[in-house]
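**Student:** My questions all concern the structure below.
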Number of protein chains: 2
Amino acid sequence: MKRLALALAAMPAFTAPALAQRTMPKPVEVDPAVVKLRDAALTSNVAWNVVEGLTTEIGPRLDGSPKEARAREWAVAKLKSLGFKNVHIETFTLPVWERGLETAEVVSPFPQPLRLTALGNSGATPPEGFTLPIVYFASFADLLAAPDGSLKGKIAYVSNSMHATQDGSSYGSQGIARFLGPDVAAKKGASAIVIRSIGTDHSRAPHAGTTNFEPGVTPIPAAAVSTADGDNIDRMVERGQPIVLHLVLTPKQVGMRESGNVVAEVPGTDPKAGIILIGGHLDSWDLGTGAIDDGAGVAITTGAAKLMLDSGPHKRTIRLVWFGDEETGGFGGAAYAKAHASERHVVASESDFGADRVWRFQTNLPEGASAIADRLAAALDPIGVLRGRDAPGEGTDVEPMLKLGVAGINLNQNGLRYFNWHHTPEDTLDKIDVEQLKQNVAAWTAMLAIVADAPEDIAPVQPKP
Amino acid sequence: MKRLALALAAMPAFTAPALAQRTMPKPVEVDPAVVKLRDAALTSNVAWNVVEGLTTEIGPRLDGSPKEARAREWAVAKLKSLGFKNVHIETFTLPVWERGLETAEVVSPFPQPLRLTALGNSGATPPEGFTLPIVYFASFADLLAAPDGSLKGKIAYVSNSMHATQDGSSYGSQGIARFLGPDVAAKKGASAIVIRSIGTDHSRAPHAGTTNFEPGVTPIPAAAVSTADGDNIDRMVERGQPIVLHLVLTPKQVGMRESGNVVAEVPGTDPKAGIILIGGHLDSWDLGTGAIDDGAGVAITTGAAKLMLDSGPHKRTIRLVWFGDEETGGFGGAAYAKAHASERHVVASESDFGADRVWRFQTNLPEGASAIADRLAAALDPIGVLRGRDAPGEGTDVEPMLKLGVAGINLNQNGLRYFNWHHTPEDTLDKIDVEQLKQNVAAWTAMLAIVADAPEDIAPVQPKP
């Protein structure tokens, strides 16, 4: 009964009095054309071919790098070969930070090497490194509570933990040691900061990622040790003796470089009906090959758009963007919004959370278009996607468009494994389960098929604050 | 019935006629003192404390290195503090190879970095490396079949695979690409060799390990890429274009250095009854912290010996050795045998296969001592250990003693996970499951308790060839 009750609860027209009368609500019917496209996605290899090709033929592609430029050329060729229209690159510039040497050892009391990686925007040590004692903080909150000046001549060490959550919400709360820790430590006078990686794994692969220093704050060397090294440091700290590290980090800011968004379209028949903006990001961190972050996202959205292309024409234009920079500041999404704000967008949605199953959708479609959400629920239920609460769109790449009042549809992926490999050398093709990838494409295809041909007008929504 | 039949079959006195008569064989009784010791092991923390301490306070400890010397001092202090007798170091010298820089990139057609590690005894490239095309071999057999001289000016690439086996037998057969590949490639004129790691994982952590060149063969640079990089190279090869690598490996032979075995004893009451030799190896590869290889082995055997120490005196002396070199040529076991061959050893057994459950025991105890094996079967069955076929002892450290005719008892661990992490940076404490570790200690304790006080004389066996 529990399963039936859940199924009934998922039907939006269903009300308590109806249950009392034991009548069944009228189910929302799914357009057979949508069903056909959705199920065709389950046997399509387009998404796999995109992510397999990108990781094999390009590999890592850090923003502003020659590899990212090569990835854009690859993307244009791939998207043209798939038959997309108006395929082109829209360039922009962004400040670029480059990784240097990165080594560390415990010097005393228990000499042994550590595995770590510099955080994006980290400052540099002298070329020969420096040898300094650590001040241990069990959490970011403890670092925040340290007296000003108390870290002078010391390396702040933050042993933050992170647990896996299906919706990835722990990244926001527990990633704070990376997002803000270096800035806080710098302001308190620390010579450097080392944190335990923001990750849910137990391994030697450190998690990279950007940090930021407030204007006027001189960046200090900032790095993340692997979770296994973090465990080891915790055990050393338990033994009660002072811990001294030797740290070498030689990254640098190299100035403004070119990046770009790769844009492709499935043109619609009714330009006035507005654009559906979808995509993922083409750039990746440099340690892995950018399979789950975010080869998967561009692959899934491209696979779905390809099914729409081949089954068209449809009413609304689908604009597929492989964003050029997400990882180091979201310059790609900002550049897109700047260039295209005047065009009428009705829905924006991105895929940037790996390739595991879509388990839920959430949307803030406006009142006049709520029937679209009902049809989405009906079309996604057979492939195991639940309807969540009403929620605005999310994602760094589409955020600037959402802030202009574009409605969002979130196809939420299961994130329980994602932060095992996020921003690490382990972000490689083998982490993608091809069956789960196909379920993603099916969910995206169903969404596009419903929204692209929806007769309802989709009005702007209250912009995200 | 299947389970009962198996249980019956495990009883050594059981015969087919007995089954026909439906009589139950007389079960072998287990000495209550053995049961008590075995079950006490399941709650002992000694083994965990040893491997936790060794990985935290020492970490990696490559043969002949200062870290290995520090590990010996640590071992002496630990074994003395546990109350063992005759704790001392027996030094020996061995030729030492030291890792240098190790980087590689695909230069064309798909430029991207690779993760790899030099194999022990690898030769060196020039400091700036070299850039050469690869000749791809799907297997070691294919490399063997390459015409002499055909690899001149090329890098041989061997895409050997390895599958997991419970008994680890695949290491012998599938590790051949590492054991012999570099020698074969050198003889065929290759400038270098790169193999896919000998491992059962899918990750970016390359597997180190020793290789050997025949006398007179000049060592060539030899390395293993991670399995994920190997998969990537396979995909590149499928695309049909020539592949060029840039390879930098700067290891070197640094001459003879000191290593040593750490020896401790639980003295027996009857010196004529012979010595039981047990242990694991203290040295480890340098990439991880030597938790499963072989911190676990010294921990397990020490944990068991400690229970014997505290419950003694027992008839036979238990000699516990933390061998000083296993990884780079077995110099530790050879030095032990050279020093102690004249002493009467009756059983030799080592633990060097991680910390997962003991699932089987095998032995070649001589005929006059076969009742010991029957009692072992009865004592080990309740903790889930099956009796295997008669088999001689095994293990690099005790091999030289086995070759002198000492009987072996193998407590075989489940090896299905072991080669995921073997010789990689991932060989860290978190890979040890404390409950499985305790089951190991229980199996070893039961074995020691039975053998140490066995009334039977244990005669020499036919030496291993």
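As shown in the structure tokens, the chain order sets the letters A, B, ...; within each chain, residues go from 1, and ligands are also counted from 1 in the order they appear.
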Quick one: residues within 8 Å of Ile193 of chain A, only C-alpha atoms, excluding same-chain residues fewer than 3 positions away - as number ranges by chain?

**Tutor:** A: 155-158, 181-182, 185, 190, 220-223

**Student:** Those residues with all heavy atoms, as a PDB file, in the first residue's frame please?

**Tutor:**
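Produced file result-v5.pdb, reproduced below:
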ATOM      1  N   ILE A 155      50.805  27.289   9.669  1.00  0.00           N
ATOM      2  CA  ILE A 155      49.906  26.768   8.637  1.00  0.00           C
ATOM      3  C   ILE A 155      48.606  26.372   9.325  1.00  0.00           C
ATOM      4  O   ILE A 155      48.614  25.530  10.240  1.00  0.00           O
ATOM      5  CB  ILE A 155      50.514  25.527   7.940  1.00  0.00           C
ATOM      6  CG1 ILE A 155      51.823  25.892   7.222  1.00  0.00           C
ATOM      7  CG2 ILE A 155      49.509  24.916   6.968  1.00  0.00           C
ATOM      8  CD1 ILE A 155      52.595  24.699   6.663  1.00  0.00           C
ATOM      9  N   ALA A 156      47.508  26.994   8.934  1.00  0.00           N
ATOM     10  CA  ALA A 156      46.207  26.574   9.474  1.00  0.00           C
ATOM     11  C   ALA A 156      45.841  25.237   8.843  1.00  0.00           C
ATOM     12  O   ALA A 156      45.942  25.078   7.617  1.00  0.00           O
ATOM     13  CB  ALA A 156      45.141  27.621   9.148  1.00  0.00           C
ATOM     14  N   TYR A 157      45.463  24.271   9.661  1.00  0.00           N
ATOM     15  CA  TYR A 157      45.005  22.985   9.128  1.00  0.00           C
ATOM     16  C   TYR A 157      43.557  22.778   9.573  1.00  0.00           C
ATOM     17  O   TYR A 157      43.259  22.797  10.765  1.00  0.00           O
ATOM     18  CB  TYR A 157      45.873  21.813   9.621  1.00  0.00           C
ATOM     19  CG  TYR A 157      45.361  20.507   9.050  1.00  0.00           C
ATOM     20  CD1 TYR A 157      45.730  20.127   7.763  1.00  0.00           C
ATOM     21  CD2 TYR A 157      44.463  19.711   9.752  1.00  0.00           C
ATOM     22  CE1 TYR A 157      45.204  18.973   7.200  1.00  0.00           C
ATOM     23  CE2 TYR A 157      43.937  18.561   9.184  1.00  0.00           C
ATOM     24  CZ  TYR A 157      44.315  18.191   7.914  1.00  0.00           C
ATOM     25  OH  TYR A 157      43.792  17.061   7.343  1.00  0.00           O
ATOM     26  N   VAL A 158      42.668  22.566   8.594  1.00  0.00           N
ATOM     27  CA  VAL A 158      41.252  22.395   8.921  1.00  0.00           C
ATOM     28  C   VAL A 158      40.820  20.986   8.523  1.00  0.00           C
ATOM     29  O   VAL A 158      40.873  20.600   7.359  1.00  0.00           O
ATOM     30  CB  VAL A 158      40.367  23.442   8.198  1.00  0.00           C
ATOM     31  CG1 VAL A 158      38.930  23.338   8.692  1.00  0.00           C
ATOM     32  CG2 VAL A 158      40.916  24.844   8.424  1.00  0.00           C
ATOM     33  N   GLY A 181      37.621  29.169   3.839  1.00  0.00           N
ATOM     34  CA  GLY A 181      38.725  28.914   4.776  1.00  0.00           C
ATOM     35  C   GLY A 181      39.997  29.690   4.454  1.00  0.00           C
ATOM     36  O   GLY A 181      40.581  30.339   5.338  1.00  0.00           O
ATOM     37  N   PRO A 182      40.478  29.663   3.210  1.00  0.00           N
ATOM     38  CA  PRO A 182      41.722  30.370   2.894  1.00  0.00           C
ATOM     39  C   PRO A 182      41.636  31.874   3.145  1.00  0.00           C
ATOM     40  O   PRO A 182      42.575  32.484   3.676  1.00  0.00           O
ATOM     41  CB  PRO A 182      41.929  30.043   1.407  1.00  0.00           C
ATOM     42  CG  PRO A 182      41.301  28.671   1.266  1.00  0.00           C
ATOM     43  CD  PRO A 182      40.071  28.752   2.121  1.00  0.00           C
ATOM     44  N   ALA A 185      41.736  32.326   6.937  1.00  0.00           N
ATOM     45  CA  ALA A 185      43.080  32.070   7.485  1.00  0.00           C
ATOM     46  C   ALA A 185      44.030  33.205   7.121  1.00  0.00           C
ATOM     47  O   ALA A 185      44.858  33.629   7.940  1.00  0.00           O
ATOM     48  CB  ALA A 185      43.605  30.736   6.974  1.00  0.00           C
ATOM     49  N   ALA A 190      47.666  33.718   8.876  1.00  0.00           N
ATOM     50  CA  ALA A 190      48.314  32.433   8.590  1.00  0.00           C
ATOM     51  C   ALA A 190      49.245  32.557   7.388  1.00  0.00           C
ATOM     52  O   ALA A 190      48.995  33.333   6.459  1.00  0.00           O
ATOM     53  CB  ALA A 190      47.264  31.359   8.311  1.00  0.00           C
ATOM     54  N   ILE A 220      47.144  33.475   0.220  1.00  0.00           N
ATOM     55  CA  ILE A 220      48.167  32.618   0.842  1.00  0.00           C
ATOM     56  C   ILE A 220      48.134  31.254   0.149  1.00  0.00           C
ATOM     57  O   ILE A 220      47.144  30.908  -0.498  1.00  0.00           O
ATOM     58  CB  ILE A 220      47.926  32.453   2.365  1.00  0.00           C
ATOM     59  CG1 ILE A 220      46.515  31.881   2.639  1.00  0.00           C
ATOM     60  CG2 ILE A 220      48.145  33.770   3.086  1.00  0.00           C
ATOM     61  CD1 ILE A 220      46.266  31.552   4.108  1.00  0.00           C
ATOM     62  N   PRO A 221      49.216  30.493   0.249  1.00  0.00           N
ATOM     63  CA  PRO A 221      49.180  29.145  -0.298  1.00  0.00           C
ATOM     64  C   PRO A 221      48.051  28.355   0.366  1.00  0.00           C
ATOM     65  O   PRO A 221      47.910  28.381   1.591  1.00  0.00           O
ATOM     66  CB  PRO A 221      50.554  28.567   0.069  1.00  0.00           C
ATOM     67  CG  PRO A 221      51.433  29.763   0.267  1.00  0.00           C
ATOM     68  CD  PRO A 221      50.531  30.826   0.826  1.00  0.00           C
ATOM     69  N   ALA A 222      47.262  27.688  -0.464  1.00  0.00           N
ATOM     70  CA  ALA A 222      46.076  26.975   0.042  1.00  0.00           C
ATOM     71  C   ALA A 222      45.945  25.661  -0.701  1.00  0.00           C
ATOM     72  O   ALA A 222      45.963  25.640  -1.929  1.00  0.00           O
ATOM     73  CB  ALA A 222      44.827  27.829  -0.174  1.00  0.00           C
ATOM     74  N   ALA A 223      45.838  24.590   0.046  1.00  0.00           N
ATOM     75  CA  ALA A 223      45.794  23.271  -0.592  1.00  0.00           C
ATOM     76  C   ALA A 223      44.881  22.326   0.176  1.00  0.00           C
ATOM     77  O   ALA A 223      44.540  22.580   1.336  1.00  0.00           O
ATOM     78  CB  ALA A 223      47.203  22.678  -0.660  1.00  0.00           C
TER      79      ALA A 223
END

**Student:** Taking only C-alpha atoms into account, find every residue of chain A that has an atom no more than 8 Å from chain B, and write it out as a VMD selection string.

**Tutor:** chain A and resid 56 to 60 109 to 112 202 to 204 228 232 235 to 236 425 to 426 428 430

**Student:** In Å, with one decimal, what is the gap from atom CA of Ser351 of chain A to atom CA of Gly280 of chain A?

**Tutor:**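 Value for the atom CA of Ser351 of chain A-atom CA of Gly280 of chain A distance: 5.2 Å.
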
**Student:** Near Gly354 of chain A, within 10 Å and counting only C-alpha atoms, which residues show up once chain neighbours fewer than 2 positions away are dropped, as JSON, numbers by chain?

**Tutor:** {"A": [290, 291, 292, 293, 294, 295, 296, 297, 300, 351, 352, 356, 357, 413, 414, 415, 417, 418, 419, 421, 422, 427, 431, 432, 437, 440]}

**Student:** Rank nothing, just name the residue among B:Ala299, B:Met308, B:Leu94, B:Ala33 nearest to Lys438 of chain B, using only C-alpha atoms.

**Tutor:**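 Of all the options, B:Ala299 lies closest to Lys438 of chain B.
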